[in-house]
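Since the structure comes first, as structure tokens, the remarks are kept for the end.
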Amino acid sequence: MSVRVRFAPSPTGNVHIGNIRAALFNWLFARHAGGKFLLRVEDTDRERSTDEAIRTLLACMEWLGLDYDEEPVYQSRQTARHVAVAEELIRKGAAYRDAKGGGGECVIFRMPKEGRIEYTDLVKGTIRKKAEDTQDFVIVRSDGTPVFHLANVVDDVDMAITHVIRGDDHVENTFKHIELFKAIGAPLPQYAHLPMIVNNQGKPYSKRDGAAFVGEFKEQGYLPEALFNFLLLLGWAPGDDREVLTREEMVQLFTLDRCKSSAARFDIKKLVWMNGEYIRRQPREVFAAEFVSRVRAAGLSTEGADLAGIMDQMQIRTKFYSEIPASCAYFFTDDFPFDAKGVEKRLKAEGVPELLDEVAEKYAALPAFDLQSTHDVLAALGEARGTGLGSMVHPVRVAVSGLTEGPGLFELLVLLGRDKVCARLRQVARRLRDGAL
RNA sequence: GCGCCCAUCGUCUAUCGGUUAGGACACAAGGUUUUCAUCCUUGGAAGCGGAGUUCGACUCUCCGUGGGCGCGCCA
């Protein structure tokens with residue numbers, strides 16, 4: 001029988017990373033097996049399940065490349081079917097009406113009273129429980145609406161789901177679900193329960209622990225491929241030492257028996273590293289497209305700039321695309337901001353304006369303005385003053401870029417070009433004398 | 001309280017009875033008295049405790065301990 005799995009989120013307006021990870025594992029499992037990955041929107045909470053919330057959900061899935069097969073099923077449209085199944089269960093004697101709890105009569109499902117219920121979890125192994133430790137439970141509320149367990153199982157039956165891959169927090173529910181499947185007379189799916197993503201305290205990772213929703217990662221400049229890869233490594237490993245994998249490798253290598261059964265802490269530092277790793281590995285055209293669009297979106301013009309040279313320098317040191325305008329503005333405009341600490345530390349020192357003027361003068365007189373010559377001028381000056389190259393480099397860097405970090409200074413100078421460099425050095429010297437910086 | 005699940009470096013993990021317990025992130029040092037980053041090299045860093053099974057346990061079993069989850073007319 002061919003594999004059919006589903007992602008069954010209830011749209012709340014935000015998509016939690018723990019949730020999307022379940023989607024990711026389901027997707028990988030389906031793609032690996034050549035089966036179907038289905039989407040079921042559990043929108044029975046009409047308050048929160050707005051059209052907007054559903055759009056957010058779909059957008060997050062698309063962003064991560066989690067494409068689904070067949071039309072999405074909207075659970076709220078299946079209510080009549082759920083209730084009909086409950087009626088059927090009453091007829092079979094598997095459920096009964098009761099009025100003890102709230103208002104009117106609800107429908108309660110009968111759990112076995114003796115023996116044991118057990119199943120083989122594809123990641124956790126055999127899980128069993130004595131029947132006496134289970135209790136009958138409500139499947140239709142007294143207002144006539146179906147409860148999660150019923151809806152979930154009936155939909156899985158109707159969608160012919162073969163494998164239920166979901167969070168750890170459902171291991172207990174599975175006993176109820178199995179009995180429901182049996183009572184309905186439907187074949188049991190196989191189960192796989194994924195460990196949870198937890199915070200430093202071992203509690204389920206939540207918005208209080210940092211970015212917890214897919215949308216936040218997107219806003220903060222994470223690449224979907226990096227997030228995807230990182231989330232996969234939380235609970236799964238290929239078995240060899242590879243960590244950065246292509247989507248194809250993931251699909252090919254993914255199996256549930258390689259999933260871990262213990263919870264994983266969310267370590268943002270590794271995600272940050274991985275994001276930089278993905279940016280570095282991107283083909284130049286991809287990086288270039290993103291780079292240019294970020295620069296232009298910040299209102300800067302790339303006219304006349306040595307884009308290829310700049311990108312050579314910047315691709316290896318970019319961790320987030322979102323930081324590009326700030327880290328590169330000085331390449332594209334003379335009106336760039338100065339880092340206050342850098343100014344204080346490198347420019348507000350005795351003799352700096354004179355130094356900058358002198359450098360400008362020497363640079364202007366150079367027969368060729370290149371890596372070697374620009375370096376030699378500063379080296380000679382440092383030598384003459386007995387202060388070394390470092391004390392030349394730092395003020396010049398801040399003067400021409402406003403920043404204390406960036407490409408190697410001489411690479412940076414050549415990329416800017418002699419005219420801009422000299423003009424900026426003189427301008428900064430003037431502003432320093434005028435106390436305007 | 002009852003039940004279920006889990007337990008390797010600080011973190012993510014490899015190991016499926018025999019390894020100097022490997023890799024990655026992070027950290028530290030060096031290559032690099034021009035920064036940041038990249039790259040390379042090096043370093044420190046782990047089997048929760050106790051029994052048992054076995055010639056031999058990180059690995060299997062049991063008992064503790066710790067943590068998580070479940071026990072809704074929530075999903």
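Please note that chains go A, B, ... in the order of the structure tokens, that every chain numbers its residues from 1, and that ligands are numbered from 1 in the order shown.
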Exercise: G23 of chain B partners within 12 Å, only C-alpha atoms (C1' of nucleotides), chain neighbours under 6 positions left out, as an mmCIF file with N, CA and C atoms (P, O5', C5', C4', C3', O3' and C1' of nucleotides), in the first residue's frame:
```cif
data_model
loop_
_atom_site.group_PDB
_atom_site.id
_atom_site.type_symbol
_atom_site.label_atom_id
_atom_site.label_comp_id
_atom_site.auth_asym_id
_atom_site.auth_seq_id
_atom_site.Cartn_x
_atom_site.Cartn_y
_atom_site.Cartn_z
ATOM 1 N N ALA A 237 19.485 12.391 12.207
ATOM 2 C CA ALA A 237 20.842 12.531 11.689
ATOM 3 C C ALA A 237 21.023 11.471 10.612
ATOM 4 N N PRO A 238 21.805 11.789 9.595
ATOM 5 C CA PRO A 238 21.958 10.857 8.478
ATOM 6 C C PRO A 238 22.779 9.620 8.830
ATOM 7 N N GLY A 239 23.533 9.665 9.935
ATOM 8 C CA GLY A 239 24.309 8.486 10.293
ATOM 9 C C GLY A 239 25.785 8.640 9.988
ATOM 10 N N ASP A 240 26.093 9.501 9.029
ATOM 11 C CA ASP A 240 27.507 9.802 8.800
ATOM 12 C C ASP A 240 27.729 11.218 9.347
ATOM 13 N N ASP A 241 28.840 11.841 8.964
ATOM 14 C CA ASP A 241 29.124 13.132 9.565
ATOM 15 C C ASP A 241 28.581 14.341 8.810
ATOM 16 N N ARG A 242 27.767 14.086 7.834
ATOM 17 C CA ARG A 242 27.210 15.223 7.091
ATOM 18 C C ARG A 242 26.184 15.980 7.916
ATOM 19 N N GLU A 243 26.154 17.278 7.759
ATOM 20 C CA GLU A 243 25.152 18.068 8.464
ATOM 21 C C GLU A 243 24.429 19.004 7.514
ATOM 22 P P C B 9 26.031 14.499 27.813
ATOM 23 O "O5'" C B 9 27.261 15.044 26.967
ATOM 24 C "C5'" C B 9 27.502 16.438 26.867
ATOM 25 C "C4'" C B 9 28.992 16.657 26.996
ATOM 26 C "C3'" C B 9 29.391 18.134 26.859
ATOM 27 O "O3'" C B 9 30.055 18.578 28.048
ATOM 28 C "C1'" C B 9 30.732 16.717 25.491
ATOM 29 P P C B 12 20.773 19.116 23.202
ATOM 30 O "O5'" C B 12 21.076 19.071 21.633
ATOM 31 C "C5'" C B 12 20.304 19.873 20.730
ATOM 32 C "C4'" C B 12 20.742 19.602 19.318
ATOM 33 C "C3'" C B 12 20.798 18.123 18.968
ATOM 34 O "O3'" C B 12 19.509 17.632 18.653
ATOM 35 C "C1'" C B 12 22.785 19.154 18.243
ATOM 36 P P U B 13 19.196 16.089 18.854
ATOM 37 O "O5'" U B 13 20.249 15.429 17.866
ATOM 38 C "C5'" U B 13 20.818 14.164 18.132
ATOM 39 C "C4'" U B 13 21.989 13.993 17.207
ATOM 40 C "C3'" U B 13 22.643 12.628 17.282
ATOM 41 O "O3'" U B 13 21.927 11.711 16.458
ATOM 42 C "C1'" U B 13 24.308 14.280 17.387
ATOM 43 P P A B 14 22.008 10.169 16.813
ATOM 44 O "O5'" A B 14 23.468 9.759 16.316
ATOM 45 C "C5'" A B 14 23.779 9.843 14.930
ATOM 46 C "C4'" A B 14 25.148 9.254 14.677
ATOM 47 C "C3'" A B 14 25.368 7.862 15.236
ATOM 48 O "O3'" A B 14 24.836 6.888 14.368
ATOM 49 C "C1'" A B 14 27.250 9.221 15.672
ATOM 50 P P U B 15 24.097 5.594 14.991
ATOM 51 O "O5'" U B 15 25.291 4.690 15.524
ATOM 52 C "C5'" U B 15 26.489 4.455 14.776
ATOM 53 C "C4'" U B 15 27.544 3.965 15.736
ATOM 54 C "C3'" U B 15 27.056 2.733 16.502
ATOM 55 O "O3'" U B 15 27.984 1.669 16.433
ATOM 56 C "C1'" U B 15 27.733 4.478 17.995
#
```
Checklist entry - Taking only C-alpha atoms (C1' of nucleotides) into account, which residues of chain A are within 8 Å of chain B, as JSON, numbers by chain? => result {"A": [10, 101, 102, 106, 127, 129, 133, 138, 140, 141, 142, 148, 168, 169, 171, 172, 173, 202, 203, 233, 234, 237, 239, 240, 241, 243, 261, 262, 263, 264, 265, 267, 269, 270, 273, 316, 317, 318, 388, 389, 390, 393, 394, 404, 405, 406, 407, 408, 409]}
Write the selection just made, keeping C-alpha atoms, as an mmCIF file, in the first residue's frame?
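The resulting file, result.cif, is reproduced below:
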```cif
data_model
loop_
_atom_site.group_PDB
_atom_site.id
_atom_site.type_symbol
_atom_site.label_atom_id
_atom_site.label_comp_id
_atom_site.auth_asym_id
_atom_site.auth_seq_id
_atom_site.Cartn_x
_atom_site.Cartn_y
_atom_site.Cartn_z
ATOM 1 C CA SER A 10 -4.944 24.038 13.535
ATOM 2 C CA GLY A 101 -21.054 16.659 32.789
ATOM 3 C CA GLY A 102 -22.329 19.891 31.299
ATOM 4 C CA CYS A 106 -22.883 14.110 25.074
ATOM 5 C CA ILE A 127 4.354 1.363 23.726
ATOM 6 C CA LYS A 129 -0.730 0.458 28.540
ATOM 7 C CA ASP A 133 -5.404 2.745 33.147
ATOM 8 C CA VAL A 138 -16.210 12.297 25.184
ATOM 9 C CA VAL A 140 -19.301 14.504 20.785
ATOM 10 C CA ARG A 141 -20.060 17.439 23.054
ATOM 11 C CA SER A 142 -23.539 18.100 24.359
ATOM 12 C CA PHE A 148 -10.630 16.386 18.509
ATOM 13 C CA ASP A 168 5.510 13.337 21.252
ATOM 14 C CA ASP A 169 2.674 14.917 23.151
ATOM 15 C CA VAL A 171 1.683 9.247 22.551
ATOM 16 C CA GLU A 172 -1.070 8.929 25.137
ATOM 17 C CA ASN A 173 -3.805 9.983 22.755
ATOM 18 C CA GLY A 202 13.679 21.352 29.123
ATOM 19 C CA LYS A 203 10.199 22.795 28.702
ATOM 20 C CA LEU A 233 18.871 17.921 12.538
ATOM 21 C CA LEU A 234 16.842 18.369 15.697
ATOM 22 C CA ALA A 237 20.842 12.531 11.689
ATOM 23 C CA GLY A 239 24.309 8.486 10.293
ATOM 24 C CA ASP A 240 27.507 9.802 8.800
ATOM 25 C CA ASP A 241 29.124 13.132 9.565
ATOM 26 C CA GLU A 243 25.152 18.068 8.464
ATOM 27 C CA SER A 261 13.356 9.612 20.672
ATOM 28 C CA SER A 262 14.553 12.202 23.139
ATOM 29 C CA ALA A 263 13.784 15.899 23.198
ATOM 30 C CA ALA A 264 16.112 18.380 21.497
ATOM 31 C CA ARG A 265 17.069 21.814 22.727
ATOM 32 C CA ASP A 267 20.193 26.163 19.842
ATOM 33 C CA LYS A 269 23.676 29.772 17.611
ATOM 34 C CA LYS A 270 23.888 26.749 15.394
ATOM 35 C CA TRP A 273 25.972 29.487 11.746
ATOM 36 C CA ILE A 316 31.625 35.191 2.993
ATOM 37 C CA ARG A 317 30.830 37.594 5.800
ATOM 38 C CA THR A 318 27.077 37.858 5.543
ATOM 39 C CA GLY A 388 53.040 50.522 13.085
ATOM 40 C CA LEU A 389 50.558 49.714 10.381
ATOM 41 C CA GLY A 390 47.639 49.098 12.720
ATOM 42 C CA VAL A 393 44.638 51.200 9.148
ATOM 43 C CA HIS A 394 41.963 51.730 11.749
ATOM 44 C CA THR A 404 35.119 49.248 12.323
ATOM 45 C CA GLU A 405 34.713 46.012 10.430
ATOM 46 C CA GLY A 406 34.425 44.872 6.872
ATOM 47 C CA PRO A 407 36.640 43.662 4.051
ATOM 48 C CA GLY A 408 40.383 43.918 4.307
ATOM 49 C CA LEU A 409 41.186 47.625 4.229
#
```
Item to check | DSSP helix (DSSP H, G or I) selection over segment 100-258 of chain A, as number ranges by chain | outcome: A: 131-133, 148-158, 168-170, 173-184, 207-209, 214-219, 224-232, 247-253, 256-258
Item to check | Selection: 12 Å around G50 of chain B, only C-alpha atoms (C1' of nucleotides), excl. self and same-chain fewer than 2 positions, as an MDAnalysis selection string | outcome: chainID B and resid 48 52 62:65
Item to check | For A21 of chain B: contacts at 9 Å, only C-alpha atoms (C1' of nucleotides), fewer than 6 positions along chain excluded, given as a list in words | outcome: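 The neighbour list is U8, U15, A46, G47 and C58 of chain B.
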Next on the checklist: Neighbouring residues of segment 274-291 of chain A were defined as those with any atom within 7 Å, considering only C-alpha atoms (C1' of nucleotides); residues of the same chain fewer than 2 positions away were excluded. Please report them as number ranges by chain.
Outcome noted: A: 222-223, 226, 270-272, 293-295, 315-316, 318-320
Checklist entry - So which bits of segment 93-338 of chain A end up strand (DSSP E) when you DSSP the backbone, as a PyMOL selection string? => result chain A and resi 95-98+106-109+116-121+125-130+137-140+163-167+190-194+197-198+264-265
Next on the checklist: What's the separation between atom CA of Trp63 of chain A and atom CA of Ala211 of chain A, in Å to one decimal place?
Outcome noted: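 Atom-to-atom, atom CA of Trp63 of chain A to atom CA of Ala211 of chain A, that is 16.7 Å.
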Set the distance at 7 Å and use only C-alpha atoms (C1' of nucleotides): which residues neighbour segment 247-251 of chain A once local chain neighbours fewer than 2 positions away are removed? I'd like the list as a PDB file with N, CA, C and O atoms, in the first residue's frame.
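The new file selection39.pdb reads:
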```
ATOM      1  N   LEU A  28       9.150  14.797   4.282  1.00  0.00           N
ATOM      2  CA  LEU A  28      10.329  14.014   3.925  1.00  0.00           C
ATOM      3  C   LEU A  28       9.985  12.522   3.825  1.00  0.00           C
ATOM      4  O   LEU A  28      10.450  11.822   2.920  1.00  0.00           O
ATOM      5  N   ARG A  31       7.981  12.004   0.600  1.00  0.00           N
ATOM      6  CA  ARG A  31       8.803  12.146  -0.605  1.00  0.00           C
ATOM      7  C   ARG A  31       9.792  10.995  -0.734  1.00  0.00           C
ATOM      8  O   ARG A  31      10.077  10.515  -1.818  1.00  0.00           O
ATOM      9  N   HIS A  32      10.330  10.568   0.403  1.00  0.00           N
ATOM     10  CA  HIS A  32      11.275   9.448   0.382  1.00  0.00           C
ATOM     11  C   HIS A  32      10.590   8.185  -0.122  1.00  0.00           C
ATOM     12  O   HIS A  32      11.172   7.404  -0.881  1.00  0.00           O
ATOM     13  N   LEU A 245      22.909  19.460   4.220  1.00  0.00           N
ATOM     14  CA  LEU A 245      22.448  18.550   3.177  1.00  0.00           C
ATOM     15  C   LEU A 245      21.563  19.255   2.164  1.00  0.00           C
ATOM     16  O   LEU A 245      20.863  20.216   2.502  1.00  0.00           O
ATOM     17  N   LEU A 253      17.877  10.210   2.062  1.00  0.00           N
ATOM     18  CA  LEU A 253      18.393   9.617   3.301  1.00  0.00           C
ATOM     19  C   LEU A 253      17.367   9.457   4.419  1.00  0.00           C
ATOM     20  O   LEU A 253      17.564   8.662   5.348  1.00  0.00           O
ATOM     21  N   PHE A 254      16.270  10.202   4.337  1.00  0.00           N
ATOM     22  CA  PHE A 254      15.352  10.227   5.480  1.00  0.00           C
ATOM     23  C   PHE A 254      14.626   8.915   5.758  1.00  0.00           C
ATOM     24  O   PHE A 254      13.948   8.367   4.902  1.00  0.00           O
TER      25      PHE A 254
END
```
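Those residues that approach His375 of chain A to within 9 Å, counting only C-alpha atoms (C1' of nucleotides), are Asp370, Leu371, Ala379, Ala380, Leu389, Leu409 and Phe410 of chain A; same-chain residues fewer than 4 positions away are not listed.
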Item to check | Selected residue of minimal separation from Arg397 of chain A among A:Asp419, A:Asp339, A:Glu361, A:Glu179, counting only C-alpha atoms | outcome: A:Asp339
